[in-house]
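Structure file data_3.pdb (PDB, C-alpha atoms) follows.
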ATOM      1  CA  MET A   1       0.000   0.000   0.000
ATOM      2  CA  PHE A   2       2.888   2.391   0.826
ATOM      3  CA  SER A   3       6.346   2.605  -0.636
ATOM      4  CA  VAL A   4       8.699   4.092   1.946
ATOM      5  CA  VAL A   5      11.768   5.945   0.621
ATOM      6  CA  ILE A   6      14.836   6.623   2.767
ATOM      7  CA  PRO A   7      17.595   8.636   1.040
ATOM      8  CA  VAL A   8      20.991   7.877   2.583
ATOM      9  CA  PHE A   9      24.293   9.692   2.465
ATOM     10  CA  ASN A  10      26.864   8.718   5.095
ATOM     11  CA  ALA A  11      24.290   7.964   7.783
ATOM     12  CA  ARG A  12      25.881   4.838   9.273
ATOM     13  CA  ARG A  13      25.227   6.001  12.841
ATOM     14  CA  THR A  14      21.465   6.480  12.450
ATOM     15  CA  LEU A  15      20.334   4.431   9.448
ATOM     16  CA  GLY A  16      19.737   1.182  11.349
ATOM     17  CA  ARG A  17      17.475   2.947  13.823
ATOM     18  CA  ALA A  18      15.462   4.578  11.020
ATOM     19  CA  VAL A  19      15.051   1.259   9.173
ATOM     20  CA  ARG A  20      13.969  -0.544  12.360
ATOM     21  CA  SER A  21      11.335   2.111  12.990
ATOM     22  CA  VAL A  22       9.847   1.309   9.568
ATOM     23  CA  LEU A  23       9.980  -2.465   9.971
ATOM     24  CA  GLU A  24       8.270  -2.188  13.386
ATOM     25  CA  GLN A  25       5.214  -0.382  12.041
ATOM     26  CA  SER A  26       1.812  -1.690  13.117
ATOM     27  CA  PHE A  27       0.681  -1.195   9.496
ATOM     28  CA  GLN A  28       2.693  -3.809   7.609
ATOM     29  CA  ASP A  29       1.554  -3.371   4.005
ATOM     30  CA  PHE A  30       4.622  -1.561   2.669
ATOM     31  CA  GLU A  31       7.921  -1.850   0.870
ATOM     32  CA  LEU A  32      11.029   0.050   1.938
ATOM     33  CA  VAL A  33      13.311   1.567  -0.698
ATOM     34  CA  VAL A  34      16.694   2.627   0.694
ATOM     35  CA  VAL A  35      18.564   4.823  -1.792
ATOM     36  CA  ASP A  36      22.294   4.966  -1.132
ATOM     37  CA  ASP A  37      23.344   8.319  -2.595
ATOM     38  CA  GLY A  38      27.036   7.570  -2.981
ATOM     39  CA  SER A  39      27.800   6.953   0.698
ATOM     40  CA  THR A  40      31.405   6.271   1.663
ATOM     41  CA  ASP A  41      30.950   5.247   5.323
ATOM     42  CA  GLY A  42      29.700   1.692   4.839
ATOM     43  CA  GLY A  43      26.302   2.508   6.291
ATOM     44  CA  ILE A  44      24.347   0.248   3.939
ATOM     45  CA  ALA A  45      26.629  -2.697   4.657
ATOM     46  CA  ALA A  46      26.036  -2.150   8.361
ATOM     47  CA  LEU A  47      22.348  -2.998   8.027
ATOM     48  CA  SER A  48      21.581  -6.339   9.627
ATOM     49  CA  GLU A  49      21.681  -9.355   7.321
ATOM     50  CA  PRO A  50      19.684 -10.938   5.962
ATOM     51  CA  LEU A  51      17.611  -7.940   4.994
ATOM     52  CA  ASP A  52      13.853  -8.071   5.389
ATOM     53  CA  PRO A  53      12.422  -9.137   1.990
ATOM     54  CA  ARG A  54      10.432  -5.894   1.839
ATOM     55  CA  VAL A  55      13.650  -3.844   1.802
ATOM     56  CA  VAL A  56      15.003  -2.791  -1.596
ATOM     57  CA  VAL A  57      18.467  -1.191  -1.696
ATOM     58  CA  VAL A  58      19.323   1.047  -4.648
ATOM     59  CA  ARG A  59      22.754   2.580  -5.154
ATOM     60  CA  GLN A  60      23.711   5.619  -7.207
ATOM     61  CA  GLU A  61      26.520   8.110  -7.557
ATOM     62  CA  ASN A  62      26.154  11.034  -5.181
ATOM     63  CA  ALA A  63      23.561  13.391  -6.686
ATOM     64  CA  GLY A  64      21.888  14.991  -3.683
ATOM     65  CA  GLU A  65      18.875  14.298  -1.510
ATOM     66  CA  GLY A  66      16.292  15.403  -4.083
ATOM     67  CA  ALA A  67      17.729  13.140  -6.762
ATOM     68  CA  ALA A  68      17.851  10.251  -4.286
ATOM     69  CA  ARG A  69      14.179  10.711  -3.444
ATOM     70  CA  ASN A  70      13.318  10.883  -7.160
ATOM     71  CA  ARG A  71      15.170   7.592  -7.670
ATOM     72  CA  GLY A  72      13.195   6.075  -4.832
ATOM     73  CA  ILE A  73       9.919   7.230  -6.381
ATOM     74  CA  ALA A  74      10.941   5.744  -9.744
ATOM     75  CA  VAL A  75      11.690   2.367  -8.124
ATOM     76  CA  ALA A  76       8.622   2.375  -5.855
ATOM     77  CA  SER A  77       5.797  -0.048  -6.562
ATOM     78  CA  HIS A  78       2.887   1.762  -4.907
ATOM     79  CA  GLU A  79       0.839   4.873  -5.613
ATOM     80  CA  TRP A  80       1.482   6.342  -2.163
ATOM     81  CA  ILE A  81       5.085   7.112  -1.256
ATOM     82  CA  ALA A  82       6.124   8.023   2.291
ATOM     83  CA  PHE A  83       9.482   9.574   3.138
ATOM     84  CA  LEU A  84      11.797   9.189   6.091
ATOM     85  CA  ASP A  85      15.189  10.838   6.504
ATOM     86  CA  ALA A  86      17.943   8.486   7.597
ATOM     87  CA  ASP A  87      18.524  10.398  10.840
ATOM     88  CA  ASP A  88      14.859  10.525  11.927
ATOM     89  CA  LEU A  89      12.496   7.787  13.097
ATOM     90  CA  TRP A  90       8.846   6.837  13.205
ATOM     91  CA  PHE A  91       6.637   5.739  16.074
ATOM     92  CA  PRO A  92       4.889   2.398  15.373
ATOM     93  CA  GLU A  93       1.554   3.994  14.371
ATOM     94  CA  HIS A  94       2.929   6.349  11.716
ATOM     95  CA  LEU A  95       1.950   4.423   8.572
ATOM     96  CA  ALA A  96      -1.376   3.439  10.111
ATOM     97  CA  GLU A  97      -2.142   7.111  10.684
ATOM     98  CA  LEU A  98      -1.094   8.015   7.142
ATOM     99  CA  ASP A  99      -3.400   5.285   5.868
ATOM    100  CA  ARG A 100      -6.290   6.794   7.826
ATOM    101  CA  VAL A 101      -5.577  10.200   6.249
ATOM    102  CA  ARG A 102      -5.270   8.643   2.781
ATOM    103  CA  GLN A 103      -8.559   6.824   3.078
ATOM    104  CA  ARG A 104     -10.365   9.901   4.378
ATOM    105  CA  PHE A 105      -9.038  12.149   1.589
ATOM    106  CA  PRO A 106      -7.979   9.982  -1.383
ATOM    107  CA  ASP A 107      -7.817  12.980  -3.749
ATOM    108  CA  ALA A 108      -5.114  14.736  -1.717
ATOM    109  CA  GLY A 109      -1.706  14.860  -3.366
ATOM    110  CA  LEU A 110       0.173  15.501  -0.135
ATOM    111  CA  ILE A 111      -0.629  14.082   3.290
ATOM    112  CA  GLY A 112       1.242  14.017   6.579
ATOM    113  CA  THR A 113       1.311  14.030  10.345
ATOM    114  CA  ARG A 114       2.944  16.114  13.032
ATOM    115  CA  TYR A 115       6.112  15.158  14.834
ATOM    116  CA  VAL A 116       8.159  15.452  18.008
ATOM    117  CA  ASP A 117      11.411  17.414  18.118
ATOM    118  CA  SER A 118      14.360  15.849  19.887
ATOM    119  CA  ASP A 119      16.869  17.955  21.769
ATOM    120  CA  PHE A 120      20.414  18.209  20.428
ATOM    121  CA  ALA A 121      21.405  15.115  22.427
ATOM    122  CA  GLY A 122      18.743  13.122  20.549
ATOM    123  CA  ARG A 123      16.367  12.845  23.521
ATOM    124  CA  TYR A 124      12.635  13.177  22.995
ATOM    125  CA  ASP A 125       9.316  12.666  24.745
ATOM    126  CA  VAL A 126       6.838  10.069  23.534
ATOM    127  CA  PRO A 127       3.521  11.898  23.030
ATOM    128  CA  PRO A 128       0.571  10.665  25.095
ATOM    129  CA  PRO A 129      -2.412   9.037  23.346
ATOM    130  CA  ALA A 130      -4.706  11.621  21.778
ATOM    131  CA  ASP A 131      -7.698  11.824  19.468
ATOM    132  CA  PRO A 132      -6.257  13.423  16.340
ATOM    133  CA  THR A 133      -7.968  15.727  13.911
ATOM    134  CA  ILE A 134      -7.774  14.497  10.318
ATOM    135  CA  ALA A 135      -8.757  17.200   7.853
ATOM    136  CA  LEU A 136      -7.989  19.056   4.677
ATOM    137  CA  VAL A 137      -5.749  21.997   5.537
ATOM    138  CA  ARG A 138      -4.800  25.319   4.031
ATOM    139  CA  TYR A 139      -1.180  24.358   3.702
ATOM    140  CA  PHE A 140       0.412  27.799   3.537
ATOM    141  CA  GLU A 141      -1.582  29.013   6.523
ATOM    142  CA  GLU A 142      -0.562  25.943   8.511
ATOM    143  CA  VAL A 143       3.143  26.278   7.706
ATOM    144  CA  GLY A 144       2.926  29.884   8.841
ATOM    145  CA  ARG A 145       1.749  28.717  12.263
ATOM    146  CA  ARG A 146       3.254  26.547  14.972
ATOM    147  CA  PRO A 147       3.473  23.570  15.102
ATOM    148  CA  LEU A 148       4.139  22.624  11.483
ATOM    149  CA  PRO A 149       1.532  20.351   9.889
ATOM    150  CA  LEU A 150       4.156  17.928   8.519
ATOM    151  CA  CYS A 151       7.824  17.601   7.632
ATOM    152  CA  ALA A 152       9.892  15.583   5.164
ATOM    153  CA  SER A 153       9.916  12.574   7.515
ATOM    154  CA  THR A 154       6.142  12.553   8.103
ATOM    155  CA  ALA A 155       4.903  13.336   4.589
ATOM    156  CA  ALA A 156       3.560  11.027   1.914
ATOM    157  CA  VAL A 157       2.768  11.940  -1.691
ATOM    158  CA  ARG A 158       0.508  10.451  -4.326
ATOM    159  CA  ARG A 159       2.560   9.400  -7.335
ATOM    160  CA  SER A 160       0.077  10.804  -9.855
ATOM    161  CA  ALA A 161       0.220  14.202  -8.127
ATOM    162  CA  VAL A 162       4.029  14.195  -8.254
ATOM    163  CA  ASP A 163       3.922  13.220 -11.933
ATOM    164  CA  ARG A 164       1.667  16.228 -12.546
ATOM    165  CA  VAL A 165       3.902  18.826 -10.881
ATOM    166  CA  GLY A 166       7.298  17.197 -11.395
ATOM    167  CA  GLY A 167       9.513  15.564  -8.801
ATOM    168  CA  PHE A 168      12.085  16.971  -6.422
ATOM    169  CA  ALA A 169      14.116  19.793  -7.952
ATOM    170  CA  ASP A 170      17.893  20.007  -7.786
ATOM    171  CA  HIS A 171      18.249  22.187  -4.695
ATOM    172  CA  ALA A 172      21.071  21.596  -2.248
ATOM    173  CA  LEU A 173      18.667  22.378   0.598
ATOM    174  CA  GLY A 174      14.908  22.757   0.686
ATOM    175  CA  ALA A 175      13.979  20.450  -2.197
ATOM    176  CA  ASP A 176      11.363  18.748  -0.014
ATOM    177  CA  SER A 177       9.523  21.909   1.064
ATOM    178  CA  GLU A 178       9.694  23.258  -2.495
ATOM    179  CA  LEU A 179       7.959  20.148  -3.864
ATOM    180  CA  PHE A 180       5.383  20.317  -1.073
ATOM    181  CA  ALA A 181       4.659  23.925  -2.061
ATOM    182  CA  ARG A 182       4.056  22.894  -5.678
ATOM    183  CA  LEU A 183       1.759  20.083  -4.571
ATOM    184  CA  ALA A 184      -0.161  22.450  -2.290
ATOM    185  CA  LEU A 185      -0.582  24.957  -5.126
ATOM    186  CA  SER A 186      -1.958  22.252  -7.411
ATOM    187  CA  GLY A 187      -4.291  20.232  -5.203
ATOM    188  CA  PRO A 188      -5.622  19.286  -1.751
ATOM    189  CA  VAL A 189      -3.408  18.675   1.292
ATOM    190  CA  ALA A 190      -4.665  16.586   4.227
ATOM    191  CA  THR A 191      -3.025  16.004   7.590
ATOM    192  CA  SER A 192      -3.464  14.427  10.991
ATOM    193  CA  THR A 193      -2.590  16.288  14.177
ATOM    194  CA  ARG A 194      -1.206  13.063  15.710
ATOM    195  CA  ARG A 195       2.551  13.205  16.322
ATOM    196  CA  THR A 196       3.933  10.015  14.830
ATOM    197  CA  ALA A 197       7.635  10.660  14.207
ATOM    198  CA  VAL A 198      10.742  12.181  15.740
ATOM    199  CA  TYR A 199      12.717  14.919  14.026
ATOM    200  CA  VAL A 200      16.179  14.272  15.435
ATOM    201  CA  HIS A 201      18.420  17.293  15.937
ATOM    202  CA  GLY A 202      22.170  17.301  16.350
ATOM    203  CA  THR A 203      22.923  14.905  13.487
ATOM    204  CA  GLY A 204      24.196  17.449  10.974
ATOM    205  CA  GLY A 205      20.943  17.293   9.023
ATOM    206  CA  ALA A 206      19.255  19.876   6.838
ATOM    207  CA  MET A 207      18.309  22.336   9.574
ATOM    208  CA  GLU A 208      21.872  22.455  10.872
ATOM    209  CA  SER A 209      23.179  22.785   7.294
ATOM    210  CA  ALA A 210      20.836  25.739   6.808
ATOM    211  CA  ARG A 211      23.073  27.807   9.062
ATOM    212  CA  ALA A 212      25.853  27.528   6.504
ATOM    213  CA  ARG A 213      23.477  28.263   3.625
ATOM    214  CA  TRP A 214      22.288  31.506   5.190
ATOM    215  CA  LYS A 215      25.658  32.659   6.527
ATOM    216  CA  GLY A 216      26.304  36.108   5.074
ATOM    217  CA  ALA A 217      23.185  35.747   2.914
ATOM    218  CA  ARG A 218      21.843  39.303   3.311
ATOM    219  CA  PRO A 219      18.814  38.409   1.151
ATOM    220  CA  ALA A 220      17.532  41.151  -1.087
ATOM    221  CA  SER A 221      14.044  39.643  -1.121
ATOM    222  CA  ALA A 222      12.149  36.849   0.579
ATOM    223  CA  ALA A 223      12.563  34.736  -2.576
ATOM    224  CA  ASP A 224      16.299  34.587  -1.860
ATOM    225  CA  ILE A 225      15.728  32.782   1.438
ATOM    226  CA  ALA A 226      14.408  29.406   0.249
ATOM    227  CA  PRO A 227      13.376  27.646  -2.987
ATOM    228  CA  ALA A 228       9.865  27.072  -1.619
ATOM    229  CA  VAL A 229       9.323  30.794  -1.091
ATOM    230  CA  ALA A 230      10.662  31.572  -4.562
ATOM    231  CA  THR A 231       8.289  29.013  -6.112
ATOM    232  CA  VAL A 232       5.228  30.391  -4.341
ATOM    233  CA  LEU A 233       6.065  34.015  -5.150
ATOM    234  CA  GLU A 234       6.668  33.098  -8.796
ATOM    235  CA  HIS A 235       3.241  31.435  -8.832
ATOM    236  CA  VAL A 236       1.656  34.590  -7.418
ATOM    237  CA  ALA A 237       3.393  36.759 -10.010
ATOM    238  CA  ALA A 238       2.361  34.437 -12.862
ATOM    239  CA  THR A 239      -1.270  33.920 -11.865
ATOM    240  CA  GLY A 240      -2.131  37.084  -9.944
ATOM    241  CA  THR A 241      -3.620  34.956  -7.163
ATOM    242  CA  SER A 242      -2.212  34.422  -3.680
ATOM    243  CA  PRO A 243      -2.784  31.271  -1.637
ATOM    244  CA  SER A 244      -4.438  31.767   1.713
ATOM    245  CA  GLY A 245      -1.833  32.410   4.381
ATOM    246  CA  LEU A 246       0.892  33.633   2.011
ATOM    247  CA  ASP A 247       2.150  36.365   4.346
ATOM    248  CA  ASP A 248       2.446  34.021   7.321
ATOM    249  CA  TYR A 249       4.158  31.441   5.112
ATOM    250  CA  VAL A 250       6.798  33.880   3.881
ATOM    251  CA  ASP A 251       7.364  35.243   7.384
ATOM    252  CA  ARG A 252       7.933  31.728   8.717
ATOM    253  CA  TYR A 253      10.872  31.333   6.353
ATOM    254  CA  VAL A 254      12.201  34.774   7.190
ATOM    255  CA  GLY A 255      12.031  33.698  10.836
ATOM    256  CA  TRP A 256      13.994  30.508  10.173
ATOM    257  CA  CYS A 257      16.690  32.514   8.431
ATOM    258  CA  LEU A 258      16.694  34.915  11.371
ATOM    259  CA  ARG A 259      17.232  32.096  13.871
ATOM    260  CA  ALA A 260      20.096  30.617  11.882
ATOM    261  CA  SER A 261      21.690  34.060  11.611
ATOM    262  CA  VAL A 262      21.382  34.718  15.349
ATOM    263  CA  GLN A 263      22.980  31.365  16.153
ATOM    264  CA  ILE A 264      26.122  32.396  14.264
ATOM    265  CA  ALA A 265      25.856  36.104  15.210
ATOM    266  CA  ASP A 266      25.619  37.179  11.559
ATOM    267  CA  VAL A 267      24.630  40.756  12.316
ATOM    268  CA  GLU A 268      24.472  41.985   8.729
ATOM    269  CA  THR A 269      22.048  39.253   7.675
ATOM    270  CA  ILE A 270      19.905  39.852  10.767
ATOM    271  CA  ARG A 271      19.675  43.531   9.873
ATOM    272  CA  SER A 272      18.677  42.711   6.281
ATOM    273  CA  LEU A 273      15.741  40.564   7.393
ATOM    274  CA  ARG A 274      13.635  43.125   9.255
ATOM    275  CA  ARG A 275      12.274  44.686   6.062
ATOM    276  CA  LEU A 276      11.363  41.290   4.556
ATOM    277  CA  TYR A 277       8.579  40.533   7.036
ATOM    278  CA  ARG A 278       5.181  40.934   5.420
ATOM    279  CA  LEU A 279       3.374  41.116   8.779
ATOM    280  CA  ARG A 280       4.451  42.385  12.177
ATOM    281  CA  PRO A 281       6.993  39.915  13.609
ATOM    282  CA  GLY A 282       5.887  37.905  16.625
ATOM    283  CA  PRO A 283       7.405  38.324  20.100
ATOM    284  CA  ALA A 284      10.206  35.792  19.601
ATOM    285  CA  ASP A 285      11.202  37.286  16.246
ATOM    286  CA  ARG A 286      11.157  40.825  17.639
ATOM    287  CA  LEU A 287      13.477  39.695  20.398
ATOM    288  CA  LEU A 288      15.909  38.120  17.942
ATOM    289  CA  LEU A 289      15.839  41.107  15.619
ATOM    290  CA  THR A 290      17.241  43.253  18.428
ATOM    291  CA  VAL A 291      20.465  41.211  18.215
ATOM    292  CA  GLY A 292      21.061  42.836  14.832
ATOM    293  CA  ARG A 293      21.215  46.243  16.475
ATOM    294  CA  LEU A 294      24.247  45.259  18.524
ATOM    295  CA  PRO A 295      27.934  45.460  17.661
ATOM    296  CA  PRO A 296      29.151  42.059  16.386
ATOM    297  CA  SER A 297      31.136  41.258  19.528
ATOM    298  CA  LEU A 298      28.140  41.917  21.770
ATOM    299  CA  ALA A 299      25.796  40.072  19.397
ATOM    300  CA  SER A 300      28.046  37.032  19.671
ATOM    301  CA  ALA A 301      27.929  37.228  23.460
ATOM    302  CA  VAL A 302      24.107  37.335  23.685
ATOM    303  CA  ARG A 303      23.176  35.018  20.819
ATOM    304  CA  ARG A 304      22.763  31.890  22.959
ATOM    305  CA  PRO A 305      20.642  33.407  25.740
ATOM    306  CA  ALA A 306      18.568  35.277  23.142
ATOM    307  CA  SER A 307      17.963  32.051  21.217
ATOM    308  CA  ARG A 308      17.016  30.163  24.386
ATOM    309  CA  LEU A 309      14.562  32.863  25.414
ATOM    310  CA  ALA A 310      13.030  32.947  21.931
ATOM    311  CA  ARG A 311      12.547  29.153  22.015
ATOM    312  CA  ALA A 312      10.857  29.435  25.404
ATOM    313  CA  ILE A 313       8.483  32.077  24.026
ATOM    314  CA  GLU A 314       7.693  29.834  21.048
ATOM    315  CA  ARG A 315       7.116  26.742  23.171
ATOM    316  CA  ALA A 316       4.703  28.660  25.366
ATOM    317  CA  GLY A 317       2.783  29.718  22.257
ATOM    318  CA  VAL A 318       2.674  26.137  20.934
ATOM    319  CA  ARG A 319       1.348  24.847  24.264
ATOM    320  CA  ARG A 320      -1.391  27.474  24.250
ATOM    321  CA  GLY A 321      -2.288  26.529  20.679
ATOM    322  CA  ARG A 322      -2.488  22.822  21.519
ATOM    323  CA  ARG A 323      -4.722  23.498  24.494
ATOM    324  CA  ARG A 324      -7.066  25.496  22.267
ATOM    325  CA  GLN A 325      -7.130  22.677  19.703
ATOM    326  CA  GLY A 326      -7.327  19.877  22.257
ATOM    327  CA  VAL A 327      -4.198  18.257  20.788
ATOM    328  CA  ALA A 328      -1.663  16.436  22.986
TER     329      ALA A 328
END
Could you write out this file's structure as structure tokens?
Amino acid sequence: MFSVVIPVFNARRTLGRAVRSVLEQSFQDFELVVVDDGSTDGGIAALSEPLDPRVVVVRQENAGEGAARNRGIAVASHEWIAFLDADDLWFPEHLAELDRVRQRFPDAGLIGTRYVDSDFAGRYDVPPPADPTIALVRYFEEVGRRPLPLCASTAAVRRSAVDRVGGFADHALGADSELFARLALSGPVATSTRRTAVYVHGTGGAMESARARWKGARPASAADIAPAVATVLEHVAATGTSPSGLDDYVDRYVGWCLRASVQIADVETIRSLRRLYRLRPGPADRLLLTVGRLPPSLASAVRRPASRLARAIERAGVRRGRRRQGVA
């Protein structure tokens, strides 16, 4: 019923855990396609032998995460394709929850669930049982809020929808969110509010790599911040129509760039971001923007406490939002 695609590049330390989390799913109607994108650390060989018969291993020269996912889609046998990054993991009910979303909204091209963040030591809390809300969502509005409706490791796509909009583009970072934006512009998106996966920090993944991408960026426009934003703004310019929640969506990306810039005390980039907000920045963003007013040496000294305080403000807002929605 599902083809699961894990792109792998030098993930020996975490790949086995990710694969086990797929094989231990309560929903067992799946195949697992592991795409080795030119790894040099022996991670694929480290998988336990013999491999489960549902596991297909494909090897290619290093071409990037987007190309690896496209290869996985090409090899996949099923109409619905779920993704998992090699450094993340699923709780046992993840595919079962995706199947519930798929059955409720079979015309959706993109579906997904929410997730738990680990700390930078890889620790995380298992969410308590909850009655989730499964519904069609206004994707751009939802991304502009907290928590996110889905991520690369909780999303699944319908093959026919991907064929219609094209697969993952050749972006060094952000190819997943850019494809999700195209799918959301072209058809329905449905999600569950159940948290069924763990986004593991501290593994050198995409969010950590984003710091390097945005270092010294000084974006001239919001389109310079991420491929997904550029795609949506190009759509608006071409069609004259804006998706609901566009301003919040753009500001969410500006905020991510801001956080990465504060973490490395990149004062010039921080200063360039204030004018890119389309709405008034929230409390956490306003706090972080003040770092850009400081001399570089002082900005470097306060970046960690400012980031911690901003995260505390955000967590408080997420907790209030969950209480309002009745979501655990």
Of the candidates A:Tyr277, A:Phe180, A:Phe91, A:Phe30, which one gets nearest to Ala228 of chain A if we count only C-alpha atoms?
->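 Closest to Ala228 of chain A, using only C-alpha atoms: A:Phe180.
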Might you spell out which residues the PyMOL selection byres ((chain A and resi 313) around 12) would select in the displayed file, as a PyMOL selection string?
-> chain A and resi 146+282-288+306-312+314-320
Expected file: the selected residues, C-alpha atoms, as an mmCIF file, keeping the file's coordinate frame:
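Full text of again28.cif as output:
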data_model
loop_
_atom_site.group_PDB
_atom_site.id
_atom_site.type_symbol
_atom_site.label_atom_id
_atom_site.label_comp_id
_atom_site.auth_asym_id
_atom_site.auth_seq_id
_atom_site.Cartn_x
_atom_site.Cartn_y
_atom_site.Cartn_z
ATOM 1 C CA ARG A 146 3.254 26.547 14.972
ATOM 2 C CA GLY A 282 5.887 37.905 16.625
ATOM 3 C CA PRO A 283 7.405 38.324 20.100
ATOM 4 C CA ALA A 284 10.206 35.792 19.601
ATOM 5 C CA ASP A 285 11.202 37.286 16.246
ATOM 6 C CA ARG A 286 11.157 40.825 17.639
ATOM 7 C CA LEU A 287 13.477 39.695 20.398
ATOM 8 C CA LEU A 288 15.909 38.120 17.942
ATOM 9 C CA ALA A 306 18.568 35.277 23.142
ATOM 10 C CA SER A 307 17.963 32.051 21.217
ATOM 11 C CA ARG A 308 17.016 30.163 24.386
ATOM 12 C CA LEU A 309 14.562 32.863 25.414
ATOM 13 C CA ALA A 310 13.030 32.947 21.931
ATOM 14 C CA ARG A 311 12.547 29.153 22.015
ATOM 15 C CA ALA A 312 10.857 29.435 25.404
ATOM 16 C CA GLU A 314 7.693 29.834 21.048
ATOM 17 C CA ARG A 315 7.116 26.742 23.171
ATOM 18 C CA ALA A 316 4.703 28.660 25.366
ATOM 19 C CA GLY A 317 2.783 29.718 22.257
ATOM 20 C CA VAL A 318 2.674 26.137 20.934
ATOM 21 C CA ARG A 319 1.348 24.847 24.264
ATOM 22 C CA ARG A 320 -1.391 27.474 24.250
#
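Applied to the file shown here, the PyMOL selection byres ((chain A and resi 193) around 9) selects the residues Gly112, Thr113, Arg114, Tyr115, Asp131, Pro132, Thr133, Ile134, Ala135, Pro149, Leu150, Thr191, Ser192, Arg194, Arg195, Val327 and Ala328 of chain A.
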Quick one: everything within 12 Å of Arg218 of chain A, counting all atoms listed in the file, minus sequence neighbours fewer than 6 positions away in the same chain. Send it as a PyMOL selection string.
-> chain A and resi 224-225+254+257-258+261+266-276
Of the candidates A:Ala155, A:Leu47, A:Leu95, A:Val198, which shows the shortest atom-to-atom distance to Glu24 of chain A, using all atoms listed in the file?
->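 Comparing A:Ala155, A:Leu47, A:Leu95, A:Val198 against Glu24 of chain A, the winner is A:Leu95.
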Check which residues satisfy the PyMOL selection byres ((chain A and resi 88) around 10) in the file shown, then give them as a PyMOL selection string.
-> chain A and resi 6+14-15+17-19+21+84-87+89-90+117-118+122+152-154+197-201+203+205
Test item: residues at most 7 Å from Leu183 of chain A, only C-alpha atoms, excluding those fewer than 6 positions along its chain, as a list in words = Gly109, Leu110 and Val165 of chain A
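Closest approach to Val116 of chain A from the set A:Ser244, A:His171, A:Leu148, A:Ser39 is made by A:Leu148, with distances taken over all atoms listed in the file.
For the pair atom CA of Gly66 of chain A and atom CA of Phe83 of chain A, the separation is 11.5 Å.
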Interatomic distance (Å, one decimal) between atom CA of Arg159 of chain A and atom CA of Ala184 of chain A |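 Atom CA of Ala184 of chain A lies at a distance of 14.3 Å from atom CA of Arg159 of chain A.
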Atom-to-atom span, atom CA of Ser177 of chain A and atom CA of Val4 of chain A, Å = 17.9 Å
